[in-house]
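**Q** Take a look at input_33.txt, compact mmCIF, C-alpha atoms and all ligand atoms:
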```txt
# COMPACT_ATOMS: atom_id res chain seq x y z
CA MET A 30 234.80 -13.52 52.55
CA ALA A 31 236.96 -15.82 54.72
CA GLY A 32 235.09 -18.46 56.74
CA THR A 33 235.59 -16.59 59.98
CA ALA A 34 234.20 -13.37 58.59
CA VAL A 35 231.23 -15.20 57.06
CA ALA A 36 230.43 -16.80 60.41
CA ALA A 37 230.73 -13.50 62.27
CA ALA A 38 228.55 -11.76 59.68
CA ALA A 39 225.94 -14.52 59.98
CA GLN A 40 225.94 -14.14 63.73
CA GLN A 41 225.54 -10.37 63.51
CA ALA A 42 222.77 -10.91 60.97
CA SER A 43 220.97 -13.16 63.45
CA GLY A 44 220.29 -9.99 65.37
CA ALA A 45 221.83 -11.27 68.56
CA GLY A 46 224.25 -8.35 68.66
CA GLY A 47 225.80 -9.70 71.85
CA LYS A 48 229.36 -10.04 73.02
CA GLN A 49 231.79 -12.87 72.43
CA ILE A 50 233.80 -13.54 75.58
CA VAL A 51 235.83 -16.42 76.94
CA ILE A 52 236.96 -16.48 80.57
CA SER A 53 239.05 -19.00 82.42
CA SER A 54 241.17 -19.60 85.50
CA ALA A 55 244.59 -17.93 85.43
CA ASN A 56 246.25 -20.96 83.81
CA GLY A 57 243.97 -20.51 80.79
CA LEU A 58 245.53 -17.75 78.69
CA ARG A 59 246.16 -20.18 75.83
CA ALA A 60 242.84 -21.95 76.43
CA CYS A 61 240.95 -18.66 76.14
CA ALA A 62 242.77 -17.79 72.92
CA LYS A 63 242.01 -21.19 71.41
CA ALA A 64 238.36 -21.10 72.51
CA MET A 65 237.95 -17.60 71.07
CA GLU A 66 239.43 -18.79 67.77
CA VAL A 67 236.72 -21.48 67.60
CA VAL A 68 233.97 -19.04 68.64
CA LYS A 69 235.06 -16.51 66.03
CA GLY A 70 235.06 -19.24 63.41
CA GLY A 71 231.40 -19.87 64.15
CA GLY A 72 232.08 -23.08 66.08
CA ASP A 73 229.93 -24.36 68.89
CA THR A 74 230.75 -22.91 72.32
CA LEU A 75 231.30 -26.38 73.80
CA ASP A 76 233.72 -27.26 70.99
CA ALA A 77 235.45 -24.00 71.86
CA VAL A 78 235.97 -24.54 75.58
CA ILE A 79 236.97 -28.18 75.15
CA ALA A 80 239.54 -27.27 72.48
CA GLY A 81 240.82 -24.63 74.88
CA VAL A 82 241.26 -26.81 77.96
CA ASN A 83 242.70 -29.67 75.88
CA ILE A 84 245.84 -27.50 75.70
CA ASN A 85 246.20 -27.71 79.49
CA GLU A 86 245.13 -31.35 79.66
CA GLU A 87 247.87 -32.33 77.21
CA ASP A 88 250.53 -30.04 78.66
CA PRO A 89 252.90 -31.93 81.00
CA ASP A 90 253.88 -28.62 82.60
CA ASP A 91 250.40 -27.92 83.95
CA ASP A 92 250.60 -30.18 86.99
CA SER A 93 247.00 -29.57 88.05
CA VAL A 94 245.25 -30.85 84.92
CA GLY A 95 245.41 -33.95 82.68
CA TYR A 96 248.77 -35.41 81.61
CA GLY A 97 251.45 -34.53 84.16
CA GLY A 98 248.85 -33.77 86.84
CA LEU A 99 250.04 -34.58 90.35
CA PRO A 100 248.94 -38.08 91.38
CA ASN A 101 247.05 -39.59 94.29
CA GLU A 102 248.84 -40.93 97.37
CA GLU A 103 249.69 -44.14 95.49
CA GLY A 104 251.31 -42.29 92.59
CA VAL A 105 248.41 -42.77 90.17
CA VAL A 106 246.94 -39.81 88.29
CA GLU A 107 243.14 -39.64 88.62
CA LEU A 108 241.23 -36.99 86.68
CA ASP A 109 237.83 -35.31 87.05
CA ALA A 110 235.99 -33.24 84.42
CA CYS A 111 232.56 -32.05 83.39
CA VAL A 112 230.94 -30.12 80.56
CA MET A 113 227.71 -28.19 80.14
CA HIS A 114 226.26 -27.23 76.78
CA GLY A 115 223.99 -24.22 77.14
CA PRO A 116 222.07 -24.44 73.84
CA THR A 117 220.82 -27.97 74.56
CA ARG A 118 220.89 -27.63 78.38
CA ARG A 119 222.81 -30.91 78.64
CA ALA A 120 225.66 -32.00 80.88
CA GLY A 121 228.22 -34.79 81.16
CA SER A 122 230.87 -35.73 83.66
CA VAL A 123 233.61 -38.21 84.55
CA ALA A 124 235.33 -38.62 87.89
CA SER A 125 238.39 -40.45 89.11
CA ILE A 126 239.24 -41.59 85.59
CA ARG A 127 242.74 -43.00 85.07
CA GLY A 128 244.87 -43.29 81.95
CA ILE A 129 243.10 -40.80 79.66
CA LYS A 130 244.76 -37.44 78.98
CA THR A 131 241.63 -35.50 78.02
CA PRO A 132 238.78 -36.22 80.45
CA SER A 133 236.82 -33.22 79.14
CA LYS A 134 236.34 -35.14 75.88
CA ILE A 135 235.07 -38.17 77.78
CA ALA A 136 232.66 -36.00 79.78
CA ARG A 137 231.31 -34.74 76.49
CA LEU A 138 230.87 -38.31 75.21
CA VAL A 139 228.94 -39.16 78.39
CA MET A 140 226.70 -36.19 77.63
CA GLU A 141 226.21 -36.99 73.95
CA GLN A 142 226.36 -40.77 73.76
CA THR A 143 224.71 -42.05 76.93
CA ASP A 144 221.55 -41.68 78.91
CA HIS A 145 223.68 -40.84 81.98
CA ILE A 146 225.32 -37.70 83.31
CA MET A 147 228.27 -39.05 85.30
CA ILE A 148 230.53 -42.11 84.94
CA VAL A 149 233.37 -42.75 87.40
CA GLY A 150 236.54 -44.76 87.94
CA GLU A 151 237.08 -48.06 86.12
CA GLY A 152 233.74 -47.69 84.33
CA ALA A 153 234.81 -44.31 82.93
CA LEU A 154 238.07 -45.76 81.61
CA ARG A 155 236.26 -48.69 79.99
CA PHE A 156 233.75 -46.25 78.48
CA ALA A 157 236.58 -44.12 77.05
CA LYS A 158 238.31 -47.19 75.60
CA ALA A 159 235.04 -48.30 74.02
CA TYR A 160 235.14 -45.02 72.12
CA GLY A 161 238.70 -45.65 70.93
CA PHE A 162 240.67 -43.64 73.49
CA ARG A 163 244.09 -45.04 74.30
CA GLU A 164 245.04 -45.74 77.91
CA GLU A 165 248.35 -44.02 78.74
CA ASN A 166 250.59 -43.46 81.74
CA LEU A 167 249.80 -39.91 82.84
CA LEU A 168 252.65 -39.67 85.35
CA THR A 169 255.59 -37.62 84.07
CA GLU A 170 259.08 -37.79 85.54
CA LYS A 171 258.47 -34.40 87.14
CA SER A 172 255.20 -35.42 88.81
CA ARG A 173 256.70 -38.76 89.87
CA LEU A 174 259.57 -36.92 91.54
CA ALA A 175 257.19 -34.54 93.35
CA TRP A 176 255.22 -37.58 94.57
CA MET A 177 258.40 -39.29 95.83
CA VAL A 178 259.49 -36.14 97.65
CA TRP A 179 256.04 -35.96 99.24
CA LYS A 180 256.23 -39.62 100.34
CA ARG A 181 259.63 -39.03 101.87
CA SER A 182 258.43 -35.91 103.66
CA LEU A 183 255.82 -37.88 105.67
CA ARG A 184 256.69 -38.89 109.23
CA ASP A 185 254.99 -40.95 111.90
CA ALA A 186 254.80 -39.67 115.50
CA GLY A 187 258.34 -40.92 116.08
CA GLY A 188 259.71 -39.08 113.06
CA HIS A 189 260.11 -42.30 111.07
CA ASN A 190 259.45 -42.82 107.38
CA ASN A 191 259.80 -46.16 105.60
CA TRP A 192 260.79 -44.45 102.37
CA THR A 193 264.04 -43.06 103.83
CA ASP A 194 266.94 -44.80 105.51
CA GLY A 195 265.53 -43.79 108.89
CA LEU A 196 268.61 -41.89 110.02
CA ASP A 197 267.82 -38.61 108.38
CA ALA A 198 265.86 -35.79 109.98
CA PRO A 199 263.14 -34.38 107.73
CA ALA A 200 264.45 -31.50 105.69
CA LYS A 201 262.53 -28.25 106.01
CA LYS A 202 263.40 -27.18 102.49
CA PRO A 203 265.38 -28.47 99.54
CA SER A 204 268.69 -29.29 101.10
CA ALA A 205 271.82 -31.30 100.70
CA GLU A 206 269.81 -34.14 102.25
CA LEU A 207 267.19 -33.99 99.52
CA GLN A 208 269.89 -33.85 96.87
CA ARG A 209 271.51 -36.93 98.38
CA MET A 210 268.16 -38.73 98.13
CA PHE A 211 267.69 -37.69 94.50
CA PRO A 212 271.17 -37.47 92.99
CA GLY A 213 271.40 -35.82 89.61
CA VAL A 214 268.13 -33.92 90.02
CA SER A 215 268.51 -30.16 89.58
CA GLU A 216 268.09 -27.84 92.54
CA GLU A 217 265.27 -26.08 90.67
CA LEU A 218 263.34 -29.33 90.18
CA LEU A 219 263.85 -30.32 93.81
CA ALA A 220 262.60 -26.90 94.93
CA TYR A 221 259.51 -27.42 92.77
CA ALA A 222 258.96 -30.94 94.16
CA TRP A 223 259.36 -29.76 97.76
CA ASP A 224 256.94 -26.88 97.23
CA ARG A 225 254.35 -29.27 95.80
CA ALA A 226 254.97 -31.79 98.60
CA VAL A 227 254.26 -29.27 101.36
CA HIS A 228 251.62 -27.20 99.52
CA PRO A 229 249.48 -29.79 97.68
CA PRO A 230 247.83 -27.79 94.89
CA THR A 231 244.23 -27.90 93.69
CA GLY A 232 244.94 -26.13 90.39
CA THR A 233 242.31 -27.08 87.79
CA ILE A 234 241.06 -25.16 84.75
CA ASN A 235 237.53 -23.82 84.28
CA CYS A 236 236.59 -22.21 80.97
CA LEU A 237 233.33 -20.50 79.93
CA ALA A 238 232.55 -19.20 76.44
CA LEU A 239 229.80 -16.93 75.12
CA ASN A 240 229.21 -16.29 71.42
CA LEU A 241 227.49 -13.47 69.54
CA LYS A 242 224.25 -15.46 69.44
CA GLY A 243 224.18 -15.47 73.24
CA GLU A 244 225.02 -19.19 73.44
CA MET A 245 227.20 -20.33 76.31
CA SER A 246 228.99 -23.52 77.34
CA GLY A 247 231.56 -24.43 79.95
CA THR A 248 233.95 -27.08 81.15
CA THR A 249 236.05 -27.75 84.22
CA THR A 250 238.87 -30.30 84.25
CA THR A 251 241.45 -31.24 86.86
CA SER A 252 243.80 -33.80 88.37
CA GLY A 253 242.32 -32.79 91.71
CA LEU A 254 244.02 -32.46 95.04
CA ALA A 255 247.60 -33.73 94.92
CA TRP A 256 248.29 -36.79 97.12
CA LYS A 257 244.57 -37.44 97.61
CA ILE A 258 243.19 -40.75 98.83
CA PRO A 259 242.54 -42.88 95.73
CA GLY A 260 238.97 -42.35 94.59
CA ARG A 261 238.65 -38.87 96.12
CA VAL A 262 236.45 -36.73 93.90
CA GLY A 263 236.56 -32.95 94.11
CA ASP A 264 234.15 -30.31 92.93
CA SER A 265 235.27 -30.15 89.30
CA PRO A 266 233.05 -32.94 87.90
CA ILE A 267 230.10 -32.05 90.10
CA ILE A 268 227.46 -30.25 88.07
CA GLY A 269 226.48 -27.24 90.18
CA ALA A 270 229.77 -27.09 92.07
CA GLY A 271 232.72 -27.02 89.62
CA LEU A 272 230.52 -25.79 86.78
CA TYR A 273 227.00 -24.62 86.05
CA VAL A 274 225.51 -23.08 82.92
CA ASP A 275 221.93 -21.91 82.56
CA PRO A 276 221.43 -20.32 79.14
CA ASP A 277 218.72 -18.03 80.54
CA VAL A 278 221.17 -16.49 83.01
CA GLY A 279 224.84 -17.33 82.47
CA GLY A 280 227.52 -19.64 83.75
CA ALA A 281 229.96 -20.07 86.58
CA GLY A 282 232.87 -22.31 87.53
CA SER A 283 235.46 -22.82 90.20
CA THR A 284 239.04 -23.79 90.94
CA GLY A 285 240.79 -24.27 94.27
CA ARG A 286 239.83 -26.40 97.24
CA GLY A 287 236.94 -28.48 95.99
CA GLU A 288 235.71 -29.64 99.37
CA GLU A 289 234.72 -26.07 100.23
CA ASN A 290 233.01 -25.55 96.91
CA ILE A 291 230.91 -28.70 97.14
CA ARG A 292 229.58 -27.53 100.51
CA VAL A 293 228.21 -24.31 98.98
CA ALA A 294 227.29 -25.72 95.52
CA GLY A 295 229.31 -22.75 94.30
CA ALA A 296 228.67 -22.57 90.56
CA HIS A 297 224.93 -23.16 90.90
CA SER A 298 224.67 -20.69 93.78
CA ILE A 299 226.42 -18.01 91.70
CA VAL A 300 224.11 -18.55 88.73
CA GLU A 301 221.09 -18.37 91.04
CA ASN A 302 222.45 -15.13 92.53
CA MET A 303 222.75 -13.69 89.02
CA ARG A 304 219.25 -14.91 88.20
CA HIS A 305 218.01 -12.83 91.12
CA GLY A 306 219.75 -9.72 89.89
CA MET A 307 223.25 -9.73 91.36
CA SER A 308 226.18 -8.75 89.16
CA PRO A 309 228.71 -11.54 88.45
CA LYS A 310 231.10 -9.90 90.94
CA ASP A 311 228.54 -9.70 93.76
CA ALA A 312 227.24 -13.17 92.97
CA CYS A 313 230.74 -14.62 93.45
CA LEU A 314 231.50 -12.58 96.58
CA ASP A 315 228.23 -13.70 98.16
CA VAL A 316 229.22 -17.35 97.69
CA LEU A 317 232.73 -16.68 99.04
CA LYS A 318 231.02 -15.29 102.16
CA ARG A 319 229.18 -18.60 102.51
CA VAL A 320 232.53 -20.42 102.31
CA ALA A 321 233.91 -18.17 105.06
CA ARG A 322 230.74 -18.64 107.12
CA ASN A 323 231.32 -22.40 107.09
CA TYR A 324 234.46 -21.64 109.12
CA ASP A 325 232.73 -19.12 111.40
CA ASN A 326 234.74 -16.45 109.53
CA ASP A 327 237.87 -17.65 111.32
CA ASN A 328 240.66 -16.22 109.14
CA ALA A 329 243.31 -18.45 110.71
CA ARG A 330 241.52 -21.55 109.44
CA LEU A 331 240.50 -19.95 106.16
CA SER A 332 244.14 -19.03 105.51
CA LYS A 333 244.91 -22.73 104.99
CA PHE A 334 243.25 -22.80 101.56
CA ASP A 335 242.04 -20.73 98.64
CA ILE A 336 239.10 -21.01 96.29
CA ASN A 337 238.25 -19.08 93.13
CA PHE A 338 235.03 -18.49 91.24
CA TYR A 339 234.45 -17.30 87.68
CA ALA A 340 231.12 -15.98 86.43
CA LEU A 341 229.95 -14.98 82.95
CA ARG A 342 226.50 -13.50 82.51
CA LYS A 343 224.60 -13.98 79.28
CA ASP A 344 224.98 -10.26 78.43
CA GLY A 345 228.78 -10.66 78.55
CA GLU A 346 229.47 -9.15 81.96
CA TYR A 347 231.97 -11.27 83.86
CA ALA A 348 234.03 -11.53 87.04
CA GLY A 349 236.73 -13.61 88.71
CA ALA A 350 236.73 -13.77 92.49
CA SER A 351 238.98 -15.34 95.11
CA LEU A 352 238.69 -15.97 98.81
CA TRP A 353 242.11 -14.34 99.29
CA ASN A 354 243.72 -11.41 97.47
CA GLY A 355 246.61 -13.66 96.45
CA ARG A 356 249.45 -15.86 97.65
CA ILE A 357 252.60 -14.84 99.45
CA ARG A 358 255.67 -16.25 97.71
CA SER A 359 259.19 -15.20 98.79
CA GLY A 360 257.65 -12.39 100.83
CA GLN A 361 255.80 -10.96 97.84
CA LEU A 362 252.06 -10.92 97.27
CA ARG A 363 251.09 -12.59 94.00
CA PRO A 364 247.59 -11.28 93.27
CA SER A 365 244.82 -13.71 92.31
CA THR A 366 244.00 -13.36 88.62
CA PHE A 367 241.87 -14.93 85.91
CA ALA A 368 242.13 -15.07 82.12
CA VAL A 369 239.88 -13.21 79.69
CA ASN A 370 239.64 -13.06 75.92
CA ASP A 371 237.11 -10.75 74.28
CA GLY A 372 238.30 -11.17 70.73
CA GLY A 373 241.89 -9.94 70.84
CA LYS A 374 244.83 -11.22 72.85
CA SER A 375 244.12 -13.12 76.08
CA ARG A 376 244.93 -11.16 79.23
CA LEU A 377 244.96 -11.68 82.97
CA GLU A 378 242.66 -9.54 85.11
CA LYS A 379 242.74 -9.23 88.88
CA CYS A 380 240.13 -11.13 90.84
CA VAL A 381 237.93 -9.37 93.35
CA TYR A 382 238.45 -10.95 96.75
CA LEU A 383 236.98 -11.35 100.20
CA LEU A 384 240.05 -11.51 102.48
CA GLU A 385 243.47 -9.88 102.45
CA ARG A 386 246.86 -11.43 103.03
CA LYS A 387 249.65 -8.96 103.80
CA ALA A 388 253.00 -9.35 102.05
N1 LIG A 401 239.00 -27.89 92.51
C1 LIG A 401 239.70 -29.06 92.25
C2 LIG A 401 239.61 -30.06 93.30
O1 LIG A 401 239.48 -29.74 94.46
O2 LIG A 401 239.70 -31.23 92.99
```
What does this structure look like when you write it as structure tokens?
**A**
Amino acid sequence: MAGTAVAAAAQQASGAGGKQIVISSANGLRACAKAMEVVKGGGDTLDAVIAGVNINEEDPDDDSVGYGGLPNEEGVVELDACVMHGPTRRAGSVASIRGIKTPSKIARLVMEQTDHIMIVGEGALRFAKAYGFREENLLTEKSRLAWMVWKRSLRDAGGHNNWTDGLDAPAKKPSAELQRMFPGVSEELLAYAWDRAVHPPTGTINCLALNLKGEMSGTTTTSGLAWKIPGRVGDSPIIGAGLYVDPDVGGAGSTGRGEENIRVAGAHSIVENMRHGMSPKDACLDVLKRVARNYDNDNARLSKFDINFYALRKDGEYAGASLWNGRIRSGQLRPSTFAVNDGGKSRLEKCVYLLERKA
């Protein structure tokens, strides 16, 4: 028998008879596939989710995670990540770490190699280097350009910006003016940079994996809010906000505007909801209602951001949920989705949602 088949047979023989499922935020189709490959091979569920999100962390085209993530207001990429290992009930986390492409691996080292749970900033970088990680520049040309466009889009009350020649009115969208500022840059890249400048993303990837033995682990990793104040930490590395796994119940994670999630301790609240009998879907919707309640259910203010939750119960039932039904882009509604892999090809499923935007 091939190794994979042996592992699967051993798991079945253990009598667990459960489901193997990996779920993730919508940017995690490849991450889910990779994690499932590890799970099917009999690997540990934490190895699985970390191998999965490493794809995003190392991908310069995912500008919300790891290498190529959009930087802080000074043009420096700062990353947050955490991990939780269900079988041993342990956790590790790093925040505001610079110069390391794969913060999920450092969070795991914090969990395994220290008596701490969270290490931040300069200390986190020194810790990573002590374990042989190489410090690298995480800013790509694309993310540097988006940062420069953002800097040039800022204006004081008099309409002035030191990063322009002072004679130009701010462009409302990629224009001849923007092309004059950045000669030789394609219109497509300028459109991307302008979109990021005016809609600072809080992308992030969360990934949760369950194996046939009923073991579960999770990770969340991000470059955080684009153009943040240096040192800003979002929800992703906060155990109980960006991620929570309780092997007796299940796990949950989040992407989107971290400030809102921290205020409701989203992942922990969802797991507690499931502990008290709610389905993953209802558990997520209940926490989204708490987010809305923090704004007195004022849809005009809530429309300024989005937040997503993902929940995986220990019996394999799962859900993805968003505050809004999707985003409007070019007059079209793009529905909120999340990624799932239950052993075959990864797919996107629609999130349940609390509020509706009209195209
Ligand atoms: N959820 C990612 C962040 O707000 O940093």
**Q** As an exercise, work out the distance from CA of His145 (chain A) to CA of Val78 (chain A) in Å and give it to one decimal place.
**A**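 For CA of His145 (chain A) relative to CA of Val78 (chain A), the distance reads 21.4 Å.
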**Q** Where does chain A meet ligand LIG 401 (chain A) within 8 Å, residue by residue, with the nearest atom pair and distance in Å to one decimal for each, counting all atoms listed in the file, listed by chain and rising number, as a tab-separated table?
**A**
```
residue	atom	partner	partner_atom	distance
A:Asp109	CA	A:LIG401	O2	7.4
A:Thr231	CA	A:LIG401	C1	4.9
A:Gly232	CA	A:LIG401	C1	6.3
A:Thr233	CA	A:LIG401	C1	5.5
A:Thr251	CA	A:LIG401	C1	6.1
A:Ser252	CA	A:LIG401	O2	6.7
A:Gly253	CA	A:LIG401	O2	3.3
A:Leu254	CA	A:LIG401	O2	4.9
A:Val262	CA	A:LIG401	O2	6.5
A:Gly263	CA	A:LIG401	O2	3.8
A:Asp264	CA	A:LIG401	N1	5.4
A:Ser265	CA	A:LIG401	N1	5.4
A:Gly271	CA	A:LIG401	N1	7.0
A:Ser283	CA	A:LIG401	N1	6.6
A:Thr284	CA	A:LIG401	N1	4.4
A:Gly285	CA	A:LIG401	N1	4.4
A:Arg286	CA	A:LIG401	O1	4.4
A:Gly287	CA	A:LIG401	O1	3.2
A:Glu288	CA	A:LIG401	O1	6.2
A:Asn290	CA	A:LIG401	N1	7.8
A:Ile336	CA	A:LIG401	N1	7.9
```
**Q** Pick from A:Asp311, A:Asp90, A:Asp335, A:Glu66: nearest to Gly373 (chain A), with only C-alpha atoms counted?
**A**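 For Gly373 (chain A), the nearest of the given residues is A:Glu66.
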**Q** So which one's closest to Leu75 (chain A), A:Gly187, A:Gly306, A:Gly115, A:Pro259? Using all atoms listed in the file, please.
**A**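 Residue with the minimum atom-to-atom distance to Leu75 (chain A): A:Gly115.
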**Q** A:Ile50, A:Ala220, A:Ile267, A:Leu317: which is nearest Ile148 (chain A), counting all atoms listed in the file?
**A**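 Smallest distance to Ile148 (chain A) is found for A:Ile267.
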**Q** Between A:Gly282, A:Gly150, A:Gly345, A:Gly121, which one has atoms that come closest to Ser308 (chain A), using only C-alpha atoms?
**A**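 Of all the options, A:Gly345 lies closest to Ser308 (chain A).
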**Q** Determine the nearest neighbour of Leu218 (chain A) from the options A:Lys171, A:Arg137, A:Lys130, A:Arg184, counting only C-alpha atoms.
**A**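 The closest residue to Leu218 (chain A) is A:Lys171.
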**Q** Nearest to Glu141 (chain A): which of A:Asn302, A:Glu378, A:Leu237, A:Ala120 is it, counting all atoms listed in the file?
**A** A:Ala120
**Q** Step by step, gather every atom of region 365-375 of chain A that the file lists, find the box along x, y and z that holds them, add 4 Å on each side, and finally give centre and edge lengths in Å to one decimal, as JSON.
**A**
```
{"center_x": 241.0, "center_y": -12.5, "center_z": 81.5, "size_x": 15.7, "size_y": 13.1, "size_z": 29.6}
```
**Q** Which residues, written as a ChimeraX atom specification, have at least one atom at most 9 Å from Arg363 (chain A), with only C-alpha atoms counted and residues fewer than 4 positions away on the same chain left out?
**A** /A:354-358,388
**Q** Expressed in Å to a single decimal, how great is the separation between CA of Ala350 (chain A) and CA of Val227 (chain A)?
**A**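 So the two atoms, CA of Ala350 (chain A) and CA of Val227 (chain A), lie 25.0 Å apart.
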**Q** By how many Å are CA of Tyr160 (chain A) and CA of Thr143 (chain A) apart?
**A**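 For CA of Tyr160 (chain A) relative to CA of Thr143 (chain A), the distance reads 11.9 Å.
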**Q** Contacts of Asn85 (chain A) at 12 Å or less, counting all atoms listed in the file, minus same-chain residues fewer than 4 places along, as a ChimeraX atom specification?
**A** /A:53-61,63,78-81,89-98,130-133,232-236,249-252
**Q** Take the residues from that selection and write them out as a CSV table (one decimal), in the coordinates of the input, keeping C-alpha atoms.
**A**
```csv
chain,number,residue,atom,x,y,z
A,53,SER,CA,239.0,-19.0,82.4
A,54,SER,CA,241.2,-19.6,85.5
A,55,ALA,CA,244.6,-17.9,85.4
A,56,ASN,CA,246.2,-21.0,83.8
A,57,GLY,CA,244.0,-20.5,80.8
A,58,LEU,CA,245.5,-17.8,78.7
A,59,ARG,CA,246.2,-20.2,75.8
A,60,ALA,CA,242.8,-22.0,76.4
A,61,CYS,CA,241.0,-18.7,76.1
A,63,LYS,CA,242.0,-21.2,71.4
A,78,VAL,CA,236.0,-24.5,75.6
A,79,ILE,CA,237.0,-28.2,75.2
A,80,ALA,CA,239.5,-27.3,72.5
A,81,GLY,CA,240.8,-24.6,74.9
A,89,PRO,CA,252.9,-31.9,81.0
A,90,ASP,CA,253.9,-28.6,82.6
A,91,ASP,CA,250.4,-27.9,84.0
A,92,ASP,CA,250.6,-30.2,87.0
A,93,SER,CA,247.0,-29.6,88.0
A,94,VAL,CA,245.2,-30.8,84.9
A,95,GLY,CA,245.4,-34.0,82.7
A,96,TYR,CA,248.8,-35.4,81.6
A,97,GLY,CA,251.4,-34.5,84.2
A,98,GLY,CA,248.8,-33.8,86.8
A,130,LYS,CA,244.8,-37.4,79.0
A,131,THR,CA,241.6,-35.5,78.0
A,132,PRO,CA,238.8,-36.2,80.4
A,133,SER,CA,236.8,-33.2,79.1
A,232,GLY,CA,244.9,-26.1,90.4
A,233,THR,CA,242.3,-27.1,87.8
A,234,ILE,CA,241.1,-25.2,84.8
A,235,ASN,CA,237.5,-23.8,84.3
A,236,CYS,CA,236.6,-22.2,81.0
A,249,THR,CA,236.0,-27.8,84.2
A,250,THR,CA,238.9,-30.3,84.2
A,251,THR,CA,241.4,-31.2,86.9
A,252,SER,CA,243.8,-33.8,88.4
```
**Q** Residues near Ile135 (chain A), anyone? I mean within 10 Å using all atoms listed in the file, not counting same-chain ones fewer than 6 positions away, as number ranges by chain.
**A** A: 110-112, 121-123, 126, 129, 141-142, 148, 153-154, 156-158, 160, 162
**Q** Taking (242.6, -50.1, 84.8) in the file's own coordinates, collect the residues within 8 Å, counting only C-alpha atoms, and hand them back as a ChimeraX atom specification.
**A** /A:127-128,151,154
